>>> print(open('data.cif').read())   # mmCIF, N, CA and C atoms
data_structure
#
loop_
_atom_site.label_atom_id
_atom_site.label_comp_id
_atom_site.auth_asym_id
_atom_site.auth_seq_id
_atom_site.Cartn_x
_atom_site.Cartn_y
_atom_site.Cartn_z
N MET N 1 -32.76 -14.94 -9.38
CA MET N 1 -32.65 -13.89 -8.39
C MET N 1 -31.26 -13.25 -8.50
N ALA N 2 -31.21 -11.95 -8.56
CA ALA N 2 -29.95 -11.23 -8.70
C ALA N 2 -29.19 -11.24 -7.38
N SER N 3 -27.88 -11.34 -7.48
CA SER N 3 -27.05 -11.23 -6.29
C SER N 3 -26.78 -9.75 -6.02
N THR N 4 -26.46 -9.46 -4.78
CA THR N 4 -26.18 -8.09 -4.37
C THR N 4 -24.68 -7.93 -4.23
N TRP N 5 -24.16 -6.84 -4.76
CA TRP N 5 -22.74 -6.51 -4.62
C TRP N 5 -22.62 -5.17 -3.92
N MET N 6 -21.64 -5.07 -3.04
CA MET N 6 -21.38 -3.84 -2.30
C MET N 6 -20.28 -3.06 -3.02
N LEU N 7 -20.49 -1.76 -3.18
CA LEU N 7 -19.53 -0.89 -3.85
C LEU N 7 -19.24 0.30 -2.95
N VAL N 8 -17.95 0.57 -2.70
CA VAL N 8 -17.55 1.76 -1.95
C VAL N 8 -16.55 2.51 -2.81
N GLU N 9 -16.99 3.65 -3.34
CA GLU N 9 -16.17 4.47 -4.25
C GLU N 9 -16.52 5.93 -4.04
N ASP N 10 -15.51 6.75 -3.71
CA ASP N 10 -15.78 8.15 -3.38
C ASP N 10 -15.90 9.07 -4.58
N GLU N 11 -15.40 8.68 -5.73
CA GLU N 11 -15.52 9.51 -6.92
C GLU N 11 -16.92 9.31 -7.51
N PRO N 12 -17.77 10.35 -7.47
CA PRO N 12 -19.17 10.18 -7.90
C PRO N 12 -19.33 9.61 -9.31
N ALA N 13 -18.55 10.09 -10.26
CA ALA N 13 -18.70 9.61 -11.64
C ALA N 13 -18.33 8.13 -11.74
N LEU N 14 -17.23 7.74 -11.10
CA LEU N 14 -16.81 6.34 -11.15
C LEU N 14 -17.80 5.45 -10.40
N CYS N 15 -18.32 5.94 -9.29
CA CYS N 15 -19.33 5.18 -8.53
C CYS N 15 -20.55 4.93 -9.41
N GLU N 16 -20.98 5.95 -10.14
CA GLU N 16 -22.14 5.81 -11.03
C GLU N 16 -21.85 4.83 -12.17
N ILE N 17 -20.68 4.96 -12.77
CA ILE N 17 -20.30 4.06 -13.87
C ILE N 17 -20.25 2.62 -13.40
N LEU N 18 -19.57 2.39 -12.26
CA LEU N 18 -19.45 1.02 -11.74
C LEU N 18 -20.80 0.46 -11.33
N SER N 19 -21.63 1.28 -10.69
CA SER N 19 -22.97 0.82 -10.30
C SER N 19 -23.77 0.40 -11.53
N THR N 20 -23.74 1.22 -12.56
CA THR N 20 -24.46 0.92 -13.80
C THR N 20 -23.93 -0.36 -14.44
N LEU N 21 -22.62 -0.50 -14.50
CA LEU N 21 -22.00 -1.68 -15.09
C LEU N 21 -22.40 -2.94 -14.33
N LEU N 22 -22.31 -2.89 -13.01
CA LEU N 22 -22.67 -4.06 -12.20
C LEU N 22 -24.14 -4.40 -12.36
N GLU N 23 -24.99 -3.38 -12.46
CA GLU N 23 -26.42 -3.63 -12.67
C GLU N 23 -26.67 -4.24 -14.05
N LEU N 24 -25.93 -3.77 -15.06
CA LEU N 24 -26.06 -4.36 -16.39
C LEU N 24 -25.68 -5.83 -16.39
N TRP N 25 -24.76 -6.20 -15.51
CA TRP N 25 -24.35 -7.60 -15.38
C TRP N 25 -25.33 -8.41 -14.55
N GLY N 26 -26.39 -7.77 -14.08
CA GLY N 26 -27.44 -8.49 -13.38
C GLY N 26 -27.37 -8.47 -11.87
N HIS N 27 -26.61 -7.56 -11.30
CA HIS N 27 -26.46 -7.51 -9.85
C HIS N 27 -27.19 -6.30 -9.27
N ASP N 28 -27.71 -6.48 -8.08
CA ASP N 28 -28.19 -5.35 -7.30
C ASP N 28 -26.95 -4.73 -6.66
N VAL N 29 -26.92 -3.41 -6.55
CA VAL N 29 -25.74 -2.73 -6.02
C VAL N 29 -26.11 -1.90 -4.80
N ILE N 30 -25.35 -2.09 -3.75
CA ILE N 30 -25.43 -1.23 -2.58
C ILE N 30 -24.19 -0.36 -2.65
N ALA N 31 -24.36 0.92 -2.97
CA ALA N 31 -23.21 1.80 -3.20
C ALA N 31 -23.08 2.85 -2.09
N PHE N 32 -21.83 3.09 -1.73
CA PHE N 32 -21.50 4.10 -0.72
C PHE N 32 -20.36 4.95 -1.24
N GLN N 33 -20.40 6.24 -0.92
CA GLN N 33 -19.32 7.13 -1.35
C GLN N 33 -18.43 7.55 -0.18
N THR N 34 -18.78 7.13 1.03
CA THR N 34 -17.92 7.40 2.18
C THR N 34 -17.74 6.14 3.01
N GLY N 35 -16.62 6.07 3.67
CA GLY N 35 -16.38 4.94 4.56
C GLY N 35 -17.34 4.93 5.73
N GLU N 36 -17.67 6.12 6.21
CA GLU N 36 -18.60 6.22 7.34
C GLU N 36 -19.97 5.63 6.99
N ASP N 37 -20.45 5.92 5.79
CA ASP N 37 -21.74 5.36 5.37
C ASP N 37 -21.68 3.85 5.24
N ALA N 38 -20.58 3.35 4.69
CA ALA N 38 -20.42 1.90 4.54
C ALA N 38 -20.39 1.21 5.89
N VAL N 39 -19.65 1.76 6.84
CA VAL N 39 -19.55 1.17 8.17
C VAL N 39 -20.90 1.23 8.89
N ALA N 40 -21.63 2.33 8.74
CA ALA N 40 -22.96 2.43 9.35
C ALA N 40 -23.87 1.33 8.80
N TRP N 41 -23.79 1.08 7.50
CA TRP N 41 -24.59 0.01 6.90
C TRP N 41 -24.16 -1.36 7.44
N LEU N 42 -22.85 -1.57 7.56
CA LEU N 42 -22.34 -2.84 8.07
C LEU N 42 -22.84 -3.12 9.49
N GLN N 43 -23.02 -2.08 10.26
CA GLN N 43 -23.50 -2.26 11.64
C GLN N 43 -24.95 -2.69 11.70
N GLU N 44 -25.66 -2.59 10.57
CA GLU N 44 -27.06 -3.00 10.50
C GLU N 44 -27.24 -4.37 9.85
N VAL N 45 -26.16 -4.98 9.41
CA VAL N 45 -26.22 -6.24 8.65
C VAL N 45 -26.91 -7.35 9.43
N ASP N 46 -26.69 -7.41 10.72
CA ASP N 46 -27.27 -8.49 11.53
C ASP N 46 -28.80 -8.52 11.48
N GLN N 47 -29.42 -7.41 11.10
CA GLN N 47 -30.88 -7.32 11.06
C GLN N 47 -31.43 -7.60 9.66
N MET N 48 -30.55 -7.89 8.70
CA MET N 48 -30.99 -8.08 7.32
C MET N 48 -31.28 -9.54 7.01
N GLU N 49 -32.07 -9.72 5.99
CA GLU N 49 -32.33 -11.07 5.48
C GLU N 49 -31.10 -11.57 4.75
N GLN N 50 -30.87 -12.85 4.76
CA GLN N 50 -29.70 -13.45 4.11
C GLN N 50 -29.61 -13.06 2.64
N GLU N 51 -30.75 -13.03 1.95
CA GLU N 51 -30.73 -12.72 0.51
C GLU N 51 -30.38 -11.26 0.21
N ASP N 52 -30.41 -10.40 1.22
CA ASP N 52 -30.05 -8.99 1.03
C ASP N 52 -28.57 -8.72 1.28
N LEU N 53 -27.85 -9.71 1.76
CA LEU N 53 -26.42 -9.54 2.04
C LEU N 53 -25.62 -9.60 0.74
N PRO N 54 -24.54 -8.85 0.66
CA PRO N 54 -23.75 -8.85 -0.58
C PRO N 54 -22.97 -10.15 -0.79
N GLU N 55 -22.82 -10.48 -2.06
CA GLU N 55 -22.03 -11.65 -2.46
C GLU N 55 -20.58 -11.26 -2.70
N LEU N 56 -20.33 -9.97 -2.91
CA LEU N 56 -19.00 -9.46 -3.23
C LEU N 56 -18.93 -8.01 -2.78
N ALA N 57 -17.71 -7.58 -2.40
CA ALA N 57 -17.49 -6.17 -2.05
C ALA N 57 -16.35 -5.62 -2.89
N LEU N 58 -16.59 -4.48 -3.49
CA LEU N 58 -15.60 -3.76 -4.29
C LEU N 58 -15.36 -2.43 -3.57
N ILE N 59 -14.16 -2.26 -3.01
CA ILE N 59 -13.91 -1.16 -2.08
C ILE N 59 -12.66 -0.38 -2.47
N ASP N 60 -12.83 0.93 -2.61
CA ASP N 60 -11.70 1.83 -2.83
C ASP N 60 -10.93 1.94 -1.51
N ILE N 61 -9.62 1.90 -1.57
CA ILE N 61 -8.81 1.96 -0.36
C ILE N 61 -8.83 3.35 0.27
N ARG N 62 -8.60 4.36 -0.54
CA ARG N 62 -8.50 5.73 -0.01
C ARG N 62 -9.82 6.45 -0.18
N LEU N 63 -10.37 6.84 0.95
CA LEU N 63 -11.66 7.53 0.99
C LEU N 63 -11.52 8.78 1.85
N PRO N 64 -12.33 9.79 1.58
CA PRO N 64 -12.29 10.97 2.44
C PRO N 64 -12.86 10.62 3.81
N GLY N 65 -12.48 11.37 4.81
CA GLY N 65 -13.01 11.14 6.14
C GLY N 65 -12.09 10.25 6.96
N LYS N 66 -12.63 9.73 8.04
CA LYS N 66 -11.82 8.97 8.99
C LYS N 66 -11.82 7.47 8.73
N VAL N 67 -12.74 6.99 7.90
CA VAL N 67 -12.84 5.56 7.64
C VAL N 67 -12.40 5.27 6.21
N ASP N 68 -11.31 4.54 6.08
CA ASP N 68 -10.82 4.19 4.74
C ASP N 68 -11.27 2.78 4.36
N GLY N 69 -10.93 2.39 3.15
CA GLY N 69 -11.33 1.08 2.65
C GLY N 69 -10.71 -0.07 3.43
N ILE N 70 -9.53 0.15 3.98
CA ILE N 70 -8.89 -0.90 4.79
C ILE N 70 -9.72 -1.18 6.03
N GLU N 71 -10.19 -0.14 6.68
CA GLU N 71 -11.03 -0.32 7.87
C GLU N 71 -12.35 -0.99 7.51
N ILE N 72 -12.95 -0.60 6.40
CA ILE N 72 -14.20 -1.24 5.96
C ILE N 72 -13.97 -2.73 5.75
N CYS N 73 -12.88 -3.06 5.10
CA CYS N 73 -12.56 -4.46 4.83
C CYS N 73 -12.36 -5.24 6.13
N LYS N 74 -11.66 -4.65 7.07
CA LYS N 74 -11.46 -5.31 8.37
C LYS N 74 -12.80 -5.57 9.06
N GLN N 75 -13.71 -4.61 8.97
CA GLN N 75 -15.02 -4.81 9.58
C GLN N 75 -15.84 -5.88 8.85
N LEU N 76 -15.70 -5.92 7.54
CA LEU N 76 -16.36 -7.00 6.78
C LEU N 76 -15.84 -8.35 7.24
N ARG N 77 -14.53 -8.47 7.35
CA ARG N 77 -13.92 -9.74 7.72
C ARG N 77 -14.24 -10.15 9.16
N SER N 78 -14.54 -9.19 10.01
CA SER N 78 -14.86 -9.52 11.40
C SER N 78 -16.34 -9.84 11.61
N ASN N 79 -17.15 -9.63 10.59
CA ASN N 79 -18.58 -9.90 10.69
C ASN N 79 -18.86 -11.34 10.26
N PRO N 80 -19.42 -12.17 11.14
CA PRO N 80 -19.65 -13.58 10.79
C PRO N 80 -20.54 -13.79 9.57
N LEU N 81 -21.42 -12.83 9.29
CA LEU N 81 -22.31 -12.96 8.13
C LEU N 81 -21.62 -12.61 6.81
N LEU N 82 -20.53 -11.85 6.88
CA LEU N 82 -19.89 -11.37 5.66
C LEU N 82 -18.42 -11.78 5.52
N CYS N 83 -17.88 -12.43 6.51
CA CYS N 83 -16.44 -12.73 6.50
C CYS N 83 -16.01 -13.61 5.33
N HIS N 84 -16.93 -14.31 4.72
CA HIS N 84 -16.61 -15.24 3.65
C HIS N 84 -16.68 -14.63 2.25
N ILE N 85 -17.24 -13.42 2.11
CA ILE N 85 -17.45 -12.90 0.76
C ILE N 85 -16.14 -12.41 0.14
N PRO N 86 -16.03 -12.49 -1.17
CA PRO N 86 -14.84 -11.95 -1.83
C PRO N 86 -14.79 -10.44 -1.69
N VAL N 87 -13.59 -9.94 -1.43
CA VAL N 87 -13.37 -8.50 -1.33
C VAL N 87 -12.29 -8.11 -2.32
N ILE N 88 -12.62 -7.14 -3.17
CA ILE N 88 -11.67 -6.60 -4.13
C ILE N 88 -11.43 -5.15 -3.75
N LEU N 89 -10.18 -4.82 -3.50
CA LEU N 89 -9.80 -3.45 -3.19
C LEU N 89 -9.33 -2.77 -4.46
N THR N 90 -9.58 -1.46 -4.54
CA THR N 90 -9.11 -0.67 -5.67
C THR N 90 -8.35 0.54 -5.16
N THR N 91 -7.43 1.03 -5.98
CA THR N 91 -6.71 2.24 -5.63
C THR N 91 -6.20 2.92 -6.88
N ALA N 92 -6.14 4.24 -6.81
CA ALA N 92 -5.53 5.03 -7.89
C ALA N 92 -4.12 5.46 -7.49
N PHE N 93 -3.71 5.10 -6.29
CA PHE N 93 -2.41 5.54 -5.79
C PHE N 93 -1.35 4.47 -6.01
N MET N 94 -0.14 4.94 -6.27
CA MET N 94 0.98 4.02 -6.43
C MET N 94 1.37 3.49 -5.05
N LEU N 95 1.51 2.21 -4.96
CA LEU N 95 1.91 1.56 -3.72
C LEU N 95 3.17 0.74 -3.98
N THR N 96 4.02 0.66 -2.99
CA THR N 96 5.19 -0.21 -3.12
C THR N 96 4.72 -1.65 -2.97
N ASP N 97 5.55 -2.58 -3.38
CA ASP N 97 5.21 -3.99 -3.20
C ASP N 97 4.99 -4.31 -1.73
N ALA N 98 5.80 -3.72 -0.86
CA ALA N 98 5.66 -3.95 0.58
C ALA N 98 4.34 -3.40 1.10
N GLN N 99 3.94 -2.22 0.62
CA GLN N 99 2.66 -1.65 1.04
C GLN N 99 1.49 -2.53 0.57
N GLU N 100 1.56 -2.98 -0.67
CA GLU N 100 0.51 -3.86 -1.19
C GLU N 100 0.41 -5.13 -0.38
N ALA N 101 1.55 -5.73 -0.10
CA ALA N 101 1.57 -6.98 0.67
C ALA N 101 0.97 -6.76 2.06
N GLN N 102 1.32 -5.65 2.69
CA GLN N 102 0.80 -5.36 4.03
C GLN N 102 -0.70 -5.13 4.01
N ILE N 103 -1.18 -4.43 2.99
CA ILE N 103 -2.63 -4.20 2.86
C ILE N 103 -3.36 -5.53 2.70
N MET N 104 -2.80 -6.42 1.89
CA MET N 104 -3.45 -7.70 1.67
C MET N 104 -3.48 -8.53 2.95
N VAL N 105 -2.42 -8.47 3.73
CA VAL N 105 -2.38 -9.19 5.02
C VAL N 105 -3.38 -8.57 5.99
N ASP N 106 -3.35 -7.24 6.10
CA ASP N 106 -4.21 -6.55 7.06
C ASP N 106 -5.70 -6.73 6.76
N THR N 107 -6.05 -6.77 5.49
CA THR N 107 -7.47 -6.80 5.10
C THR N 107 -7.98 -8.19 4.75
N GLN N 108 -7.09 -9.10 4.45
CA GLN N 108 -7.46 -10.43 3.95
C GLN N 108 -8.30 -10.32 2.68
N ALA N 109 -8.03 -9.26 1.91
CA ALA N 109 -8.74 -9.06 0.64
C ALA N 109 -8.33 -10.15 -0.35
N ASP N 110 -9.17 -10.35 -1.33
CA ASP N 110 -8.92 -11.39 -2.33
C ASP N 110 -8.17 -10.87 -3.54
N LEU N 111 -8.24 -9.56 -3.77
CA LEU N 111 -7.58 -8.99 -4.95
C LEU N 111 -7.43 -7.49 -4.74
N LEU N 112 -6.34 -6.94 -5.27
CA LEU N 112 -6.12 -5.50 -5.27
C LEU N 112 -5.95 -5.07 -6.73
N LEU N 113 -6.82 -4.16 -7.17
CA LEU N 113 -6.77 -3.65 -8.54
C LEU N 113 -6.36 -2.19 -8.54
N HIS N 114 -5.51 -1.84 -9.48
CA HIS N 114 -5.11 -0.45 -9.63
C HIS N 114 -5.97 0.22 -10.69
N LYS N 115 -6.31 1.47 -10.43
CA LYS N 115 -7.04 2.28 -11.40
C LYS N 115 -6.03 2.91 -12.35
N PRO N 116 -6.37 3.10 -13.59
CA PRO N 116 -7.68 2.82 -14.16
C PRO N 116 -7.94 1.32 -14.21
N LEU N 117 -9.19 0.98 -14.01
CA LEU N 117 -9.61 -0.42 -14.02
C LEU N 117 -9.55 -0.97 -15.44
N PRO N 118 -9.46 -2.28 -15.57
CA PRO N 118 -9.43 -2.87 -16.92
C PRO N 118 -10.74 -2.62 -17.66
N ASN N 119 -10.72 -2.94 -18.95
CA ASN N 119 -11.96 -2.77 -19.73
C ASN N 119 -13.05 -3.67 -19.15
N ALA N 120 -14.29 -3.41 -19.55
CA ALA N 120 -15.44 -4.07 -18.94
C ALA N 120 -15.36 -5.59 -18.99
N ALA N 121 -14.97 -6.14 -20.13
CA ALA N 121 -14.90 -7.60 -20.26
C ALA N 121 -13.85 -8.20 -19.33
N GLN N 122 -12.67 -7.60 -19.28
CA GLN N 122 -11.61 -8.09 -18.39
C GLN N 122 -12.01 -7.91 -16.93
N PHE N 123 -12.62 -6.78 -16.63
CA PHE N 123 -13.05 -6.49 -15.27
C PHE N 123 -14.09 -7.52 -14.81
N HIS N 124 -15.05 -7.81 -15.67
CA HIS N 124 -16.08 -8.80 -15.35
C HIS N 124 -15.45 -10.16 -15.10
N LYS N 125 -14.52 -10.55 -15.95
CA LYS N 125 -13.85 -11.83 -15.78
C LYS N 125 -13.06 -11.89 -14.47
N LEU N 126 -12.36 -10.81 -14.13
CA LEU N 126 -11.62 -10.76 -12.86
C LEU N 126 -12.55 -10.97 -11.67
N LEU N 127 -13.67 -10.26 -11.67
CA LEU N 127 -14.61 -10.37 -10.56
C LEU N 127 -15.21 -11.77 -10.48
N ASP N 128 -15.61 -12.31 -11.63
CA ASP N 128 -16.16 -13.66 -11.65
C ASP N 128 -15.13 -14.69 -11.19
N ASP N 129 -13.87 -14.52 -11.60
CA ASP N 129 -12.81 -15.44 -11.18
C ASP N 129 -12.60 -15.41 -9.68
N VAL N 130 -12.66 -14.22 -9.10
CA VAL N 130 -12.48 -14.11 -7.64
C VAL N 130 -13.64 -14.81 -6.93
N ILE N 131 -14.85 -14.62 -7.39
CA ILE N 131 -16.00 -15.29 -6.78
C ILE N 131 -15.86 -16.80 -6.89
N LEU N 132 -15.50 -17.27 -8.07
CA LEU N 132 -15.34 -18.72 -8.28
C LEU N 132 -14.24 -19.28 -7.38
N ARG N 133 -13.12 -18.60 -7.33
CA ARG N 133 -12.00 -19.05 -6.48
C ARG N 133 -12.42 -19.10 -5.01
N LYS N 134 -13.17 -18.13 -4.58
CA LYS N 134 -13.62 -18.06 -3.19
C LYS N 134 -14.59 -19.21 -2.88
N ARG N 135 -15.44 -19.55 -3.84
CA ARG N 135 -16.39 -20.65 -3.63
C ARG N 135 -15.68 -21.99 -3.51
N VAL N 136 -14.59 -22.15 -4.22
CA VAL N 136 -13.85 -23.40 -4.24
C VAL N 136 -13.09 -23.63 -2.93
N THR N 137 -12.61 -22.52 -2.33
CA THR N 137 -11.81 -22.67 -1.10
C THR N 137 -12.65 -22.78 0.14
#
>>> encode(input="data.cif", output="structure tokens")
Amino acid sequence: MASTWMLVEDEPALCEILSTLLELWGHDVIAFQTGEDAVAWLQEVDQMEQEDLPELALIDIRLPGKVDGIEICKQLRSNPLLCHIPVILTTAFMLTDAQEAQIMVDTQADLLLHKPLPNAAQFHKLLDDVILRKRVT
């Protein structure tokens, strides 16, 4: 049975590429291009079957609209059904070390990746390592 991964990415081409890549790796993908859509979906999680819940979330920090990736991550962490899943944040913006540290504290994310993302093999290994590390703790 394939695991489900959540993807929040506002750039349509990158969202399509990442969705395709994750599907090639054997995962079902729930993809959102806005924070508002992701949050609306999160508000319905309590009505879903356990097997439909994501095993991992890959979330862009900066999104158009009023809901950014940081807020999505906070809502994930506050949901008892999803608070345990690994969360990987992505950004194309330069952040200071202090900004990165604050984002990690605020979101309790497991990893922050800068775009451009690593090649497919490295990216796959990073994601698998985060999942494995999360299972161990």
>>> closest_residue(input="data.cif", among="N:Met104, N:Leu113, N:Ile59, N:Leu76", to="N:Glu9", atoms="all atoms listed in the file")
N:Ile59
>>> residues_around(input="data.cif", residues="N:Val8", least_positions_apart="4", cutoff="7 Å", atoms="only N, CA and C atoms", output="list in words")
Cys15, Ile30, Ala31, Phe32, Gln33, Thr34, Ala57, Leu58, Ile59 and Asp60 of chain N
>>> resolve_selection(input="data.cif", expression="the PyMOL selection byres ((chain N and resi 65) around 8)", output="PDB file with N, CA and C atoms, in the frame of the given file")
ATOM      1  N   THR N  34     -18.780   7.130   1.030  1.00  0.00           N
ATOM      2  CA  THR N  34     -17.920   7.400   2.180  1.00  0.00           C
ATOM      3  C   THR N  34     -17.740   6.140   3.010  1.00  0.00           C
ATOM      4  N   GLY N  35     -16.620   6.070   3.670  1.00  0.00           N
ATOM      5  CA  GLY N  35     -16.380   4.940   4.560  1.00  0.00           C
ATOM      6  C   GLY N  35     -17.340   4.930   5.730  1.00  0.00           C
ATOM      7  N   GLU N  36     -17.670   6.120   6.210  1.00  0.00           N
ATOM      8  CA  GLU N  36     -18.600   6.220   7.340  1.00  0.00           C
ATOM      9  C   GLU N  36     -19.970   5.630   6.990  1.00  0.00           C
ATOM     10  N   ARG N  62      -8.600   4.360  -0.540  1.00  0.00           N
ATOM     11  CA  ARG N  62      -8.500   5.730  -0.010  1.00  0.00           C
ATOM     12  C   ARG N  62      -9.820   6.450  -0.180  1.00  0.00           C
ATOM     13  N   LEU N  63     -10.370   6.840   0.950  1.00  0.00           N
ATOM     14  CA  LEU N  63     -11.660   7.530   0.990  1.00  0.00           C
ATOM     15  C   LEU N  63     -11.520   8.780   1.850  1.00  0.00           C
ATOM     16  N   PRO N  64     -12.330   9.790   1.580  1.00  0.00           N
ATOM     17  CA  PRO N  64     -12.290  10.970   2.440  1.00  0.00           C
ATOM     18  C   PRO N  64     -12.860  10.620   3.810  1.00  0.00           C
ATOM     19  N   LYS N  66     -12.630   9.730   8.040  1.00  0.00           N
ATOM     20  CA  LYS N  66     -11.820   8.970   8.990  1.00  0.00           C
ATOM     21  C   LYS N  66     -11.820   7.470   8.730  1.00  0.00           C
ATOM     22  N   VAL N  67     -12.740   6.990   7.900  1.00  0.00           N
ATOM     23  CA  VAL N  67     -12.840   5.560   7.640  1.00  0.00           C
ATOM     24  C   VAL N  67     -12.400   5.270   6.210  1.00  0.00           C
ATOM     25  N   ASP N  68     -11.310   4.540   6.080  1.00  0.00           N
ATOM     26  CA  ASP N  68     -10.820   4.190   4.740  1.00  0.00           C
ATOM     27  C   ASP N  68     -11.270   2.780   4.360  1.00  0.00           C
TER      28      ASP N  68
END
>>> select_by_dssp(input="data.cif", residues="stretch 5-82 of chain N", states="alpha helix (DSSP H)", output="number ranges by chain")
N: 12-24, 35-42, 69-78
>>> residues_around(input="data.cif", residues="N:Arg133", least_positions_apart="6", cutoff="10 Å", atoms="only C-alpha atoms", output="list in words")
Pro86, Asp110 and Leu127 of chain N
>>> select_by_dssp(input="data.cif", residues="stretch 7-125 of chain N", states="strand (DSSP E or B)", output="number ranges by chain")
N: 7-8, 28-32, 54-60, 87-91, 111-114
>>> resolve_selection(input="data.cif", expression="the PyMOL selection byres ((chain N and resi 5) around 5)", output="ChimeraX atom specification")
/N:3-4,6-7,28-30,54-56
>>> axis_aligned_box(input="data.cif", around="stretch 127-134 of chain N", padding_each_side="3 Å", output="lines of an AutoDock Vina configuration file")
center_x = -14.1
center_y = -14.8
center_z = -7.3
size_x = 10.2
size_y = 15.0
size_z = 14.8
>>> closest_residue(input="data.cif", among="N:Leu21, N:Ile131, N:Asp10, N:Thr107", to="N:Ile72", atoms="all atoms listed in the file")
N:Thr107
>>> atom_distance(input="data.cif", atom1="atom CA of N:Phe93", atom2="atom C of N:Glu11")
15.1 Å
>>> atom_distance(input="data.cif", atom1="atom CA of N:Ile85", atom2="atom CA of N:Val136")
12.2 Å
>>> closest_residue(input="data.cif", among="N:Met48, N:Cys73, N:Pro12, N:Leu18", to="N:Asn119", atoms="only C-alpha atoms")
N:Leu18
>>> atom_distance(input="data.cif", atom1="atom CA of N:Pro80", atom2="atom CA of N:Gln43")
12.0 Å
>>> residues_around(input="data.cif", residues="N:Trp25", least_positions_apart="4", cutoff="10 Å", atoms="only C-alpha atoms", output="JSON, numbers by chain")
{"N": [2, 19, 20, 21, 124]}
